[in-house]
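Notes follow the structure.
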Amino acid sequence: TMAVDAKFSQWPPFDQRCSCHEVTSDFTKKGYIKANEYLSRSEIKRIMNELERYKREVVPRLPSYAAFFENTTRPAETLIRLEKMLEHDDFFKELAYSSVFNGLVDQLLGMPCEPNNVQFFSKPPGAKATPPHQDGQYFMHDRGVTLWLALEPADEANGCMYYAPRSHKLGLLEHIRANQLGFSQELKDYSSFQSEEMCMAADTGTLLGHHPYTVHRAGPNVDENNRWRPALGLTFWAKNCQDDESLRHRHQEYQAKLRAELEKSGQI
């Protein structure tokens with residue numbers, strides 16, 4: 001834990017932003033939540049300004065695995081993903097640790113949790129679909145939640161999310177290697193979920209959240225007005241994961257292997 005800087009002291013805490021009872025009930029039954037207008041326009045604007053600063057000042061000195069570009073020769077226009085922002089910047093670290101988000105996941109999972117990652121997904125015009133997967137395949141456990149915050153409207157044209165309701169009750173399903181930058185695994189068989197999936201179109205400031213075993217995907221960005229689909233991802237893990245030595249070891253091995261493959265193929 002860390003002392004949260006005064007910059008978020010005026011931002012209302014999570015329990016004033018949504019009905020905890022409602023979202024916990026949804027999470028338990030369906031494996032996901034949706035809270036409209038979770039953040040105000042001015043709060044989103046502040047995050048967007050900080051994001052621009054991060055791109056300008058932090059991105060140029062990041063290690064290759066913390067920023068993904070579709071074309072490394074044109075970084076500004078083709079940035080598709082930022083990873084582990086909380087390790088490289090105080091604003092995003094304090095945002096994750098602030099009561100705006102921190103505490104919500106404890107309610108959903110019924111156990112003490114803490115931030116593990118802050119990510120940015122830009123989904124530029126022309127971006128490919130995100131293959132169907134479960135975050136638990138990457139987490140290597142099910143004691144966590146991924147929160148997904150829409151920084152601008154996300155809909156079917158520019159690549160919104162799709163959730164498969166109740167899929168979190170099925171445990172970890174078989175994944176195969178996906179040949180896509182930033183998403184190395186995909187569900188082997190998605191056909192049974194296709195007819196059930198829910199389109200999670202989200203307006204600016206809407207918060208989605210899902211269980212590690214919730215099957216989800218995102219569409220391609222085929223918007224004819226060249227809109228991007230920027231979103232912030234915040235993952236929270238149960239505190240007892242941090243003490244799990246074998247989990248930490250498996251993660252380090254997997255990340256090293258993935259990094260070597262990406263470097264070999266010239267993707268990072």
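Following the order of the structure tokens, chains are lettered A, B, ..., residues in each are numbered from 1, and ligands are numbered from 1.
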
Considering only C-alpha atoms, tabulate each residue of region 97-189 of chain A that lies at most 6 Å from region 228-238 of chain A along with its nearest interatomic pair and the corresponding distance in Å to one decimal; arrange the rows by chain and ascending residue number and present them as CSV.
residue,atom,partner,partner_atom,distance
A:Pro112,CA,A:Ala238,CA,5.8
A:Cys113,CA,A:Ala238,CA,4.0
A:Glu114,CA,A:Phe236,CA,5.3
A:Pro115,CA,A:Phe236,CA,4.3
A:Asn116,CA,A:Phe236,CA,5.2
A:Asn117,CA,A:Thr235,CA,5.1
A:Val118,CA,A:Leu234,CA,4.6
A:Gln119,CA,A:Gly233,CA,4.8
A:Phe120,CA,A:Leu232,CA,4.6
A:Phe121,CA,A:Ala231,CA,5.2
A:Ser122,CA,A:Pro230,CA,4.2
A:Lys123,CA,A:Arg229,CA,5.1
A:Pro124,CA,A:Trp228,CA,4.6
A:Pro125,CA,A:Trp228,CA,5.6
A:Arg143,CA,A:Ala238,CA,5.5
A:Gly144,CA,A:Trp237,CA,4.2
A:Val145,CA,A:Phe236,CA,5.5
A:Thr146,CA,A:Thr235,CA,4.4
A:Leu147,CA,A:Leu234,CA,5.0
A:Trp148,CA,A:Gly233,CA,4.6
A:Leu149,CA,A:Leu232,CA,5.1
A:Ala150,CA,A:Ala231,CA,4.7
A:Leu151,CA,A:Ala231,CA,5.1
A:Ala154,CA,A:Arg229,CA,5.9

Those of region 8-223 of chain A in DSSP alpha helix (DSSP H), formatted as a PyMOL selection string: chain A and resi 20-30+41-53+75-78+90-97+104-109+136-139+191-194

Atom pair CA of Gln194 (chain A) / CA of Leu108 (chain A): separation (Å): 26.0 Å

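Considering the residues A:Ala157, A:Cys18, A:Cys199, A:Ala129 and counting only C-alpha atoms, Glu37 (chain A) has its shortest atom-to-atom contact with A:Cys18.
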
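When only C-alpha atoms are used to measure the gap to Tyr163 (chain A), the shortest distance among A:Cys20, A:Val58, A:Ile33, A:Ala260 belongs to A:Ile33.
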